[in-house]
$ cat work.cif   # mmCIF, C-alpha atoms and all ligand atoms
data_my_file
#
loop_
_atom_site.label_atom_id
_atom_site.label_comp_id
_atom_site.auth_asym_id
_atom_site.auth_seq_id
_atom_site.Cartn_x
_atom_site.Cartn_y
_atom_site.Cartn_z
CA MET A 290 3.66 -20.19 6.75
CA ALA A 291 7.35 -19.72 5.93
CA GLN A 292 9.53 -18.11 8.57
CA LYS A 293 10.16 -14.41 8.12
CA ILE A 294 13.81 -13.48 7.68
CA ILE A 295 15.00 -10.47 9.66
CA VAL A 296 18.50 -9.36 8.69
CA GLY A 297 20.46 -6.80 10.71
CA ASN A 298 23.07 -4.97 8.66
CA TRP A 299 25.28 -3.32 11.25
CA LYS A 300 27.38 -1.60 8.57
CA MET A 301 30.55 -0.13 10.21
CA ASN A 302 29.07 -0.27 13.74
CA PRO A 303 29.19 -0.48 16.73
CA ALA A 304 32.42 1.32 17.67
CA THR A 305 33.80 -1.32 20.07
CA LEU A 306 33.99 -5.08 20.44
CA THR A 307 32.47 -4.76 23.92
CA GLU A 308 29.38 -3.09 22.49
CA ALA A 309 29.16 -5.73 19.77
CA LYS A 310 29.37 -8.56 22.32
CA ASN A 311 26.65 -6.93 24.44
CA LEU A 312 24.41 -6.67 21.42
CA PHE A 313 25.04 -10.28 20.39
CA SER A 314 24.08 -11.54 23.85
CA GLY A 315 21.13 -9.16 24.17
CA ILE A 316 19.72 -10.30 20.84
CA GLN A 317 20.38 -13.92 21.78
CA ARG A 318 18.37 -13.44 24.99
CA ALA A 319 15.53 -11.72 23.14
CA LEU A 320 15.38 -14.57 20.63
CA SER A 321 14.86 -17.14 23.38
CA LYS A 322 11.29 -15.78 23.67
CA ILE A 323 10.67 -15.50 19.96
CA LYS A 324 9.59 -18.32 17.70
CA ASN A 325 9.45 -18.90 14.01
CA VAL A 326 11.74 -16.10 12.83
CA GLN A 327 15.08 -16.45 11.08
CA ALA A 328 17.26 -13.71 12.57
CA VAL A 329 20.48 -12.97 10.68
CA LEU A 330 23.11 -10.60 12.03
CA CYS A 331 25.72 -9.11 9.71
CA PRO A 332 28.38 -7.44 11.86
CA PRO A 333 31.67 -5.98 10.57
CA PHE A 334 34.29 -8.70 9.86
CA PRO A 335 36.34 -8.23 13.09
CA TYR A 336 33.30 -9.01 15.26
CA ILE A 337 32.46 -12.27 13.50
CA PRO A 338 34.75 -14.56 15.58
CA ALA A 339 33.23 -13.26 18.85
CA ALA A 340 29.71 -14.00 17.60
CA SER A 341 30.82 -17.36 16.34
CA GLU A 342 32.24 -18.26 19.78
CA LEU A 343 29.06 -17.14 21.49
CA LEU A 344 26.95 -19.28 19.18
CA LYS A 345 29.18 -22.30 19.74
CA ALA A 346 29.01 -21.93 23.53
CA SER A 347 25.26 -21.29 23.57
CA LYS A 348 22.74 -23.97 24.43
CA ALA A 349 19.81 -21.81 23.33
CA LYS A 350 17.23 -23.46 21.09
CA THR A 351 16.65 -20.33 19.05
CA SER A 352 19.50 -18.17 18.04
CA PHE A 353 20.61 -15.78 15.37
CA VAL A 354 22.57 -16.88 12.35
CA LEU A 355 25.69 -15.09 11.19
CA GLY A 356 25.98 -13.15 7.97
CA ALA A 357 28.70 -10.99 6.43
CA GLN A 358 28.38 -7.66 4.64
CA ASN A 359 30.56 -8.51 1.67
CA ILE A 360 32.90 -11.12 0.19
CA PHE A 361 35.48 -11.21 -2.55
CA PHE A 362 34.80 -13.58 -5.42
CA GLU A 363 38.17 -15.39 -5.57
CA PRO A 364 38.64 -18.29 -3.14
CA LYS A 365 42.22 -17.40 -2.08
CA GLY A 366 45.40 -15.75 -3.24
CA ALA A 367 47.15 -12.41 -3.61
CA PHE A 368 44.18 -10.10 -3.02
CA THR A 369 45.24 -7.66 -0.33
CA GLY A 370 42.43 -6.58 1.95
CA GLU A 371 39.86 -8.99 0.56
CA VAL A 372 37.94 -11.75 2.39
CA SER A 373 36.65 -14.84 0.60
CA ALA A 374 33.46 -16.84 1.12
CA GLU A 375 35.71 -19.81 1.97
CA LEU A 376 37.37 -17.90 4.84
CA LEU A 377 34.06 -16.75 6.27
CA SER A 378 32.33 -20.10 6.21
CA GLN A 379 34.92 -21.39 8.71
CA PHE A 380 33.38 -19.02 11.25
CA GLY A 381 29.87 -20.34 10.82
CA VAL A 382 28.80 -17.52 8.49
CA LYS A 383 25.73 -18.65 6.53
CA TYR A 384 24.58 -15.52 4.70
CA VAL A 385 26.28 -12.69 2.88
CA ILE A 386 24.95 -9.31 1.78
CA ILE A 387 26.05 -8.65 -1.79
CA GLY A 388 25.80 -5.44 -3.82
CA HIS A 389 24.60 -3.12 -1.10
CA SER A 390 24.01 0.35 -2.55
CA GLU A 391 26.68 1.76 -0.24
CA ARG A 392 29.18 -0.53 -1.98
CA ARG A 393 27.79 0.06 -5.48
CA LYS A 394 28.15 3.80 -4.81
CA ARG A 395 31.84 3.22 -4.14
CA GLY A 396 32.34 1.43 -7.43
CA GLU A 397 31.06 -2.13 -7.12
CA THR A 398 29.73 -3.16 -10.52
CA ASP A 399 26.92 -5.51 -11.57
CA GLU A 400 29.60 -7.86 -12.90
CA GLU A 401 31.33 -8.01 -9.52
CA VAL A 402 28.00 -8.51 -7.79
CA ASN A 403 27.34 -11.48 -10.07
CA LYS A 404 30.78 -13.01 -9.41
CA LYS A 405 30.25 -12.64 -5.67
CA VAL A 406 26.82 -14.28 -5.85
CA LEU A 407 28.35 -17.27 -7.68
CA ALA A 408 31.25 -17.39 -5.21
CA ALA A 409 28.88 -17.43 -2.22
CA LEU A 410 26.75 -20.22 -3.67
CA ARG A 411 29.88 -22.24 -4.47
CA VAL A 412 30.55 -22.69 -0.74
CA GLY A 413 26.94 -22.81 0.43
CA LEU A 414 26.61 -19.22 1.69
CA LYS A 415 23.20 -17.72 1.01
CA PRO A 416 23.59 -14.50 -0.97
CA ILE A 417 21.36 -11.57 0.00
CA ILE A 418 21.43 -9.60 -3.25
CA CYS A 419 20.66 -5.92 -2.76
CA ILE A 420 18.87 -4.08 -5.52
CA GLY A 421 17.14 -0.71 -5.60
CA GLU A 422 16.55 2.40 -7.66
CA HIS A 423 17.94 5.88 -6.98
CA ILE A 424 14.71 7.66 -7.80
CA ARG A 425 11.10 6.86 -8.64
CA ASP A 426 10.26 8.54 -11.92
CA GLU A 427 6.74 9.08 -13.26
CA GLU A 428 7.41 6.94 -16.34
CA GLY A 429 8.33 3.85 -14.36
CA GLN A 430 11.95 3.72 -15.56
CA TYR A 431 12.85 2.41 -12.12
CA LEU A 432 11.24 -0.89 -13.08
CA SER A 433 13.80 -1.41 -15.85
CA VAL A 434 16.58 -0.50 -13.43
CA ILE A 435 15.39 -3.20 -11.03
CA LYS A 436 14.95 -5.76 -13.79
CA ALA A 437 18.45 -5.15 -15.16
CA GLN A 438 20.00 -5.39 -11.68
CA ILE A 439 18.28 -8.75 -11.11
CA GLU A 440 19.20 -10.17 -14.52
CA LYS A 441 22.84 -9.21 -14.14
CA ALA A 442 23.15 -10.39 -10.53
CA VAL A 443 21.74 -13.86 -11.17
CA ALA A 444 23.42 -14.56 -14.53
CA GLY A 445 24.67 -18.15 -14.46
CA VAL A 446 22.92 -18.95 -11.18
CA SER A 447 21.14 -22.32 -11.42
CA LYS A 448 17.53 -22.93 -10.41
CA LYS A 449 18.82 -24.65 -7.27
CA GLY A 450 21.04 -21.63 -6.63
CA ILE A 451 18.22 -19.12 -6.93
CA ASP A 452 16.16 -21.16 -4.47
CA SER A 453 18.76 -20.50 -1.77
CA THR A 454 19.27 -16.86 -2.72
CA ILE A 455 17.51 -13.88 -1.16
CA ILE A 456 16.67 -10.63 -2.90
CA ALA A 457 16.68 -7.52 -0.72
CA TYR A 458 14.84 -4.63 -2.30
CA GLU A 459 16.25 -1.42 -0.87
CA PRO A 460 15.15 1.74 -2.68
CA ILE A 461 18.22 3.95 -2.27
CA TRP A 462 16.17 7.04 -1.43
CA ALA A 463 14.69 5.20 1.59
CA ILE A 464 18.04 4.07 3.09
CA GLY A 465 19.14 6.09 6.11
CA ALA A 466 16.12 8.31 5.54
CA THR A 467 13.31 9.46 7.83
CA ALA A 468 10.57 7.32 6.30
CA ALA A 469 10.33 3.91 4.66
CA MET A 470 8.53 3.20 1.40
CA ASN A 471 4.80 2.78 1.90
CA PRO A 472 3.57 -0.82 2.18
CA HIS A 473 1.44 -0.59 -0.97
CA ASP A 474 4.47 0.27 -3.10
CA VAL A 475 6.55 -2.39 -1.31
CA HIS A 476 3.87 -4.93 -2.30
CA GLU A 477 3.96 -3.83 -5.93
CA MET A 478 7.75 -4.14 -5.99
CA SER A 479 7.81 -7.55 -4.31
CA ILE A 480 5.40 -8.86 -6.96
CA TYR A 481 7.45 -7.28 -9.73
CA ILE A 482 10.71 -8.80 -8.44
CA LYS A 483 9.13 -12.28 -8.26
CA LYS A 484 7.75 -11.79 -11.78
CA CYS A 485 11.24 -10.94 -13.08
CA LEU A 486 12.60 -14.14 -11.52
CA VAL A 487 9.71 -16.23 -12.86
CA GLU A 488 10.53 -14.94 -16.35
CA ILE A 489 14.27 -15.50 -16.04
CA TYR A 490 13.88 -19.04 -14.69
CA LYS A 491 10.82 -19.91 -16.79
CA VAL A 492 9.01 -21.38 -13.80
CA ARG A 493 5.48 -20.88 -12.48
CA THR A 494 6.40 -19.92 -8.94
CA ILE A 495 9.58 -18.82 -7.29
CA VAL A 496 10.58 -19.57 -3.69
CA THR A 497 13.35 -16.94 -3.48
CA PRO A 498 12.44 -14.72 -0.51
CA VAL A 499 12.13 -10.99 -1.18
CA LEU A 500 13.04 -8.67 1.71
CA TYR A 501 12.48 -4.95 2.07
CA GLY A 502 15.11 -2.56 3.46
CA GLY A 503 15.23 1.19 4.04
CA SER A 504 14.30 3.03 7.26
CA VAL A 505 12.51 0.06 8.83
CA ASP A 506 11.56 0.69 12.45
CA PRO A 507 9.25 -0.90 15.05
CA GLN A 508 6.37 1.36 13.94
CA ASN A 509 6.41 0.57 10.22
CA ALA A 510 7.60 -3.08 10.33
CA PHE A 511 4.11 -4.52 10.81
CA GLY A 512 2.65 -2.75 7.77
CA ILE A 513 5.61 -3.56 5.57
CA ILE A 514 5.49 -7.26 6.43
CA HIS A 515 1.69 -7.62 6.28
CA GLU A 516 0.64 -5.32 3.47
CA GLY A 517 4.01 -5.28 1.73
CA GLY A 518 3.91 -9.02 1.11
CA VAL A 519 7.64 -9.43 1.75
CA GLN A 520 9.25 -12.44 3.39
CA GLY A 521 11.38 -10.32 5.67
CA LEU A 522 13.32 -7.14 6.33
CA LEU A 523 16.87 -5.84 5.96
CA ILE A 524 17.47 -3.39 8.77
CA GLY A 525 20.27 -0.87 9.25
CA ARG A 526 20.13 1.59 12.16
CA GLN A 527 17.39 -0.13 14.14
CA SER A 528 19.28 -3.43 14.18
CA LEU A 529 21.81 -1.76 16.50
CA GLU A 530 19.11 -0.83 19.01
CA LEU A 531 18.28 -3.87 21.11
CA GLU A 532 14.78 -2.75 22.07
CA SER A 533 13.80 -1.77 18.54
CA LEU A 534 15.17 -4.93 17.01
CA THR A 535 13.36 -7.03 19.62
CA GLU A 536 10.08 -5.29 18.76
CA ILE A 537 10.62 -5.92 15.06
CA LEU A 538 11.44 -9.58 15.68
CA LYS A 539 8.23 -9.93 17.69
CA THR A 540 6.26 -8.36 14.83
CA ALA A 541 7.81 -10.77 12.36
CA GLN A 542 6.98 -13.73 14.58
CA SER A 543 3.29 -12.86 14.74
CA SER A 544 2.89 -12.41 11.01
P1 LIG A 601 18.48 1.88 7.48
O1 LIG A 601 17.56 0.84 8.06
O2 LIG A 601 19.37 2.51 8.48
O3 LIG A 601 17.73 2.88 6.61
O4 LIG A 601 19.48 1.11 6.49
C1 LIG A 601 18.94 0.24 5.57
C2 LIG A 601 20.03 -0.55 4.96
O5 LIG A 601 20.83 -0.04 4.20
C3 LIG A 601 20.13 -1.97 5.31
O6 LIG A 601 21.00 -2.64 4.48
#

$ encode --input "work.cif" --output "structure tokens"
Amino acid sequence: MAQKIIVGNWKMNPATLTEAKNLFSGIQRALSKIKNVQAVLCPPFPYIPAASELLKASKAKTSFVLGAQNIFFEPKGAFTGEVSAELLSQFGVKYVIIGHSERRKRGETDEEVNKKVLAALRVGLKPIICIGEHIRDEEGQYLSVIKAQIEKAVAGVSKKGIDSTIIAYEPIWAIGATAAMNPHDVHEMSIYIKKCLVEIYKVRTIVTPVLYGGSVDPQNAFGIIHEGGVQGLLIGRQSLELESLTEILKTAQSS
């Protein structure tokens, strides 16, 4: 069975480098007892070099892999405040979250998301494309929202490219909320997302992993992974809590 992918999106946390370093080493220690899980940590940019150093110095067999929370689509140049995929890959970054709803809310467009996906693939970073609806309406309009987000994000991405891309389904109403989506609905959405990709790429099966994100915690992770039929989880708040994240990683290992 394929490894589950557990991605921690730290967003703009923790508050200090010391806390970040403690978390990196704590997670590293926890992973030494966990097998068959791909753990990806996406800290804020300034903490990436510290994690990179720790990974280089470590002799551990199992470790986390580094991800970023965003990139800019140009490789270099006069783009004040931006960070390219090329710059990040020098620090051992292997994944990048693209199109998170918190960025889309602040103006990131589908077109930019698409350019970033292509830019990530150009240098071998695995894009984690975030999609998700604002509301679930009775008529099922949310399905067209999801389909359109996928089509626009993967425009121009080759079959090889989509094989190393990840789709993270994060219903916006479940992010930072008190409860996650129920596993039955997660299952329906994971099938729907794969179906959209099968249609776009005109293939019979698709290997692109689909993750779920939105209020994942140690209590609901098991159900979401088992009944939800997803290949992993994208975790916000609970990825900053060592004990909770360790529990979730253990759950993912046993599934
Ligand atoms: P929470 O797990 O805090 O709801 O955040 C989810 C998220 O946005 C991960 O990208």

$ closest_residue --input "work.cif" --among "A:Thr540, A:Thr494, A:Thr305, A:Ser528" --to "ligand LIG 601 (chain A)" --atoms "all atoms listed in the file"
A:Ser528

$ closest_residue --input "work.cif" --among "A:Lys483, A:Lys293, A:Lys310, A:Lys415" --to "Gly450 of chain A" --atoms "all atoms listed in the file"
A:Lys415

$ residues_near_ligand --input "work.cif" --ligand "ligand LIG 601 (chain A)" --cutoff "7 Å" --atoms "all atoms listed in the file" --output "PDB file with C-alpha atoms, keeping the file's coordinate frame"
ATOM      1  CA  ASN A 298      23.070  -4.970   8.660  1.00  0.00           C
ATOM      2  CA  HIS A 389      24.600  -3.120  -1.100  1.00  0.00           C
ATOM      3  CA  GLU A 459      16.250  -1.420  -0.870  1.00  0.00           C
ATOM      4  CA  ALA A 463      14.690   5.200   1.590  1.00  0.00           C
ATOM      5  CA  ILE A 464      18.040   4.070   3.090  1.00  0.00           C
ATOM      6  CA  GLY A 465      19.140   6.090   6.110  1.00  0.00           C
ATOM      7  CA  ALA A 466      16.120   8.310   5.540  1.00  0.00           C
ATOM      8  CA  GLY A 502      15.110  -2.560   3.460  1.00  0.00           C
ATOM      9  CA  GLY A 503      15.230   1.190   4.040  1.00  0.00           C
ATOM     10  CA  SER A 504      14.300   3.030   7.260  1.00  0.00           C
ATOM     11  CA  VAL A 505      12.510   0.060   8.830  1.00  0.00           C
ATOM     12  CA  LEU A 523      16.870  -5.840   5.960  1.00  0.00           C
ATOM     13  CA  ILE A 524      17.470  -3.390   8.770  1.00  0.00           C
ATOM     14  CA  GLY A 525      20.270  -0.870   9.250  1.00  0.00           C
ATOM     15  CA  ARG A 526      20.130   1.590  12.160  1.00  0.00           C
ATOM     16  CA  GLN A 527      17.390  -0.130  14.140  1.00  0.00           C
TER      17      GLN A 527
END

$ closest_atom_pairs --input "work.cif" --of "segment 393-480 of chain A" --to "segment 368-383 of chain A" --cutoff "7 Å" --atoms "only C-alpha atoms" --output "CSV"
residue,atom,partner,partner_atom,distance
A:Ala408,CA,A:Ala374,CA,6.7
A:Ala409,CA,A:Ala374,CA,5.7
A:Val412,CA,A:Glu375,CA,6.5
A:Leu414,CA,A:Lys383,CA,5.0
A:Lys415,CA,A:Lys383,CA,6.1

$ closest_residue --input "work.cif" --among "A:Ser543, A:Ser341, A:Thr497, A:Ser433" --to "Ile451 of chain A" --atoms "all atoms listed in the file"
A:Thr497

$ atom_distance --input "work.cif" --atom1 "atom CA of His423 of chain A" --atom2 "atom CA of Ile461 of chain A"
5.1 Å

$ atom_distance --input "work.cif" --atom1 "atom CA of Tyr458 of chain A" --atom2 "atom CA of Glu477 of chain A"
11.5 Å

$ closest_residue --input "work.cif" --among "A:Ala346, A:Leu538, A:Ala442, A:Ile294" --to "Pro507 of chain A" --atoms "all atoms listed in the file"
A:Leu538

$ atom_distance --input "work.cif" --atom1 "atom CA of Asp399 of chain A" --atom2 "atom CA of Ile456 of chain A"
14.4 Å

$ residues_near_point --input "work.cif" --point "(33.7, -5.7, 19.1)" --cutoff "12 Å" --atoms "all atoms listed in the file" --output "MDAnalysis selection string"
chainID A and resid 299 301:313 332:340

$ closest_residue --input "work.cif" --among "A:Ala437, A:Ile316, A:Ile386, A:Met478" --to "Leu531 of chain A" --atoms "only C-alpha atoms"
A:Ile316

$ residues_near_point --input "work.cif" --point "(13.3, -11.9, 20.7)" --cutoff "12 Å" --atoms "all atoms listed in the file" --output "VMD selection string"
chain A and resid 295 313 to 328 351 to 353 531 to 543

$ residues_around --input "work.cif" --residues "Lys404 of chain A" --least-positions-apart "6" --cutoff "9 Å" --atoms "only C-alpha atoms" --output "PDB file with C-alpha atoms, keeping the file's coordinate frame"
ATOM      1  CA  PHE A 361      35.480 -11.210  -2.550  1.00  0.00           C
ATOM      2  CA  PHE A 362      34.800 -13.580  -5.420  1.00  0.00           C
ATOM      3  CA  GLU A 363      38.170 -15.390  -5.570  1.00  0.00           C
ATOM      4  CA  ALA A 442      23.150 -10.390 -10.530  1.00  0.00           C
TER       5      ALA A 442
END

$ closest_residue --input "work.cif" --among "A:Gln430, A:Lys436, A:Ile420, A:Leu410" --to "Asp452 of chain A" --atoms "all atoms listed in the file"
A:Leu410

$ decode --input "work.cif" --residues "segment 387-399 of chain A" --atoms "N, CA and C atoms" --output "PDB file, in the first residue's frame"
ATOM      1  N   ILE A 387       0.454  25.276  -2.902  1.00  0.00           N
ATOM      2  CA  ILE A 387       0.100  26.325  -3.859  1.00  0.00           C
ATOM      3  C   ILE A 387      -1.411  26.554  -3.835  1.00  0.00           C
ATOM      4  N   GLY A 388      -1.787  27.830  -3.788  1.00  0.00           N
ATOM      5  CA  GLY A 388      -3.213  28.187  -3.871  1.00  0.00           C
ATOM      6  C   GLY A 388      -3.997  27.912  -2.609  1.00  0.00           C
ATOM      7  N   HIS A 389      -3.342  28.010  -1.457  1.00  0.00           N
ATOM      8  CA  HIS A 389      -4.091  27.842  -0.211  1.00  0.00           C
ATOM      9  C   HIS A 389      -5.209  28.890  -0.157  1.00  0.00           C
ATOM     10  N   SER A 390      -6.332  28.508   0.425  1.00  0.00           N
ATOM     11  CA  SER A 390      -7.483  29.439   0.437  1.00  0.00           C
ATOM     12  C   SER A 390      -7.155  30.746   1.159  1.00  0.00           C
ATOM     13  N   GLU A 391      -6.216  30.681   2.114  1.00  0.00           N
ATOM     14  CA  GLU A 391      -5.845  31.921   2.815  1.00  0.00           C
ATOM     15  C   GLU A 391      -5.083  32.857   1.892  1.00  0.00           C
ATOM     16  N   ARG A 392      -4.469  32.318   0.841  1.00  0.00           N
ATOM     17  CA  ARG A 392      -3.796  33.164  -0.155  1.00  0.00           C
ATOM     18  C   ARG A 392      -4.804  33.599  -1.225  1.00  0.00           C
ATOM     19  N   ARG A 393      -5.668  32.683  -1.619  1.00  0.00           N
ATOM     20  CA  ARG A 393      -6.684  33.028  -2.633  1.00  0.00           C
ATOM     21  C   ARG A 393      -7.556  34.167  -2.109  1.00  0.00           C
ATOM     22  N   LYS A 394      -7.866  34.098  -0.794  1.00  0.00           N
ATOM     23  CA  LYS A 394      -8.694  35.127  -0.155  1.00  0.00           C
ATOM     24  C   LYS A 394      -8.034  36.502  -0.256  1.00  0.00           C
ATOM     25  N   ARG A 395      -6.704  36.502  -0.284  1.00  0.00           N
ATOM     26  CA  ARG A 395      -5.970  37.758  -0.337  1.00  0.00           C
ATOM     27  C   ARG A 395      -5.585  38.110  -1.777  1.00  0.00           C
ATOM     28  N   GLY A 396      -6.247  37.470  -2.717  1.00  0.00           N
ATOM     29  CA  GLY A 396      -6.112  37.911  -4.108  1.00  0.00           C
ATOM     30  C   GLY A 396      -5.422  36.978  -5.071  1.00  0.00           C
ATOM     31  N   GLU A 397      -4.910  35.849  -4.611  1.00  0.00           N
ATOM     32  CA  GLU A 397      -4.239  34.938  -5.548  1.00  0.00           C
ATOM     33  C   GLU A 397      -5.280  34.349  -6.509  1.00  0.00           C
ATOM     34  N   THR A 398      -4.978  34.437  -7.790  1.00  0.00           N
ATOM     35  CA  THR A 398      -5.948  33.996  -8.805  1.00  0.00           C
ATOM     36  C   THR A 398      -5.626  32.585  -9.293  1.00  0.00           C
ATOM     37  N   ASP A 399      -6.607  31.986  -9.987  1.00  0.00           N
ATOM     38  CA  ASP A 399      -6.397  30.656 -10.583  1.00  0.00           C
ATOM     39  C   ASP A 399      -5.226  30.688 -11.565  1.00  0.00           C
TER      40      ASP A 399
END
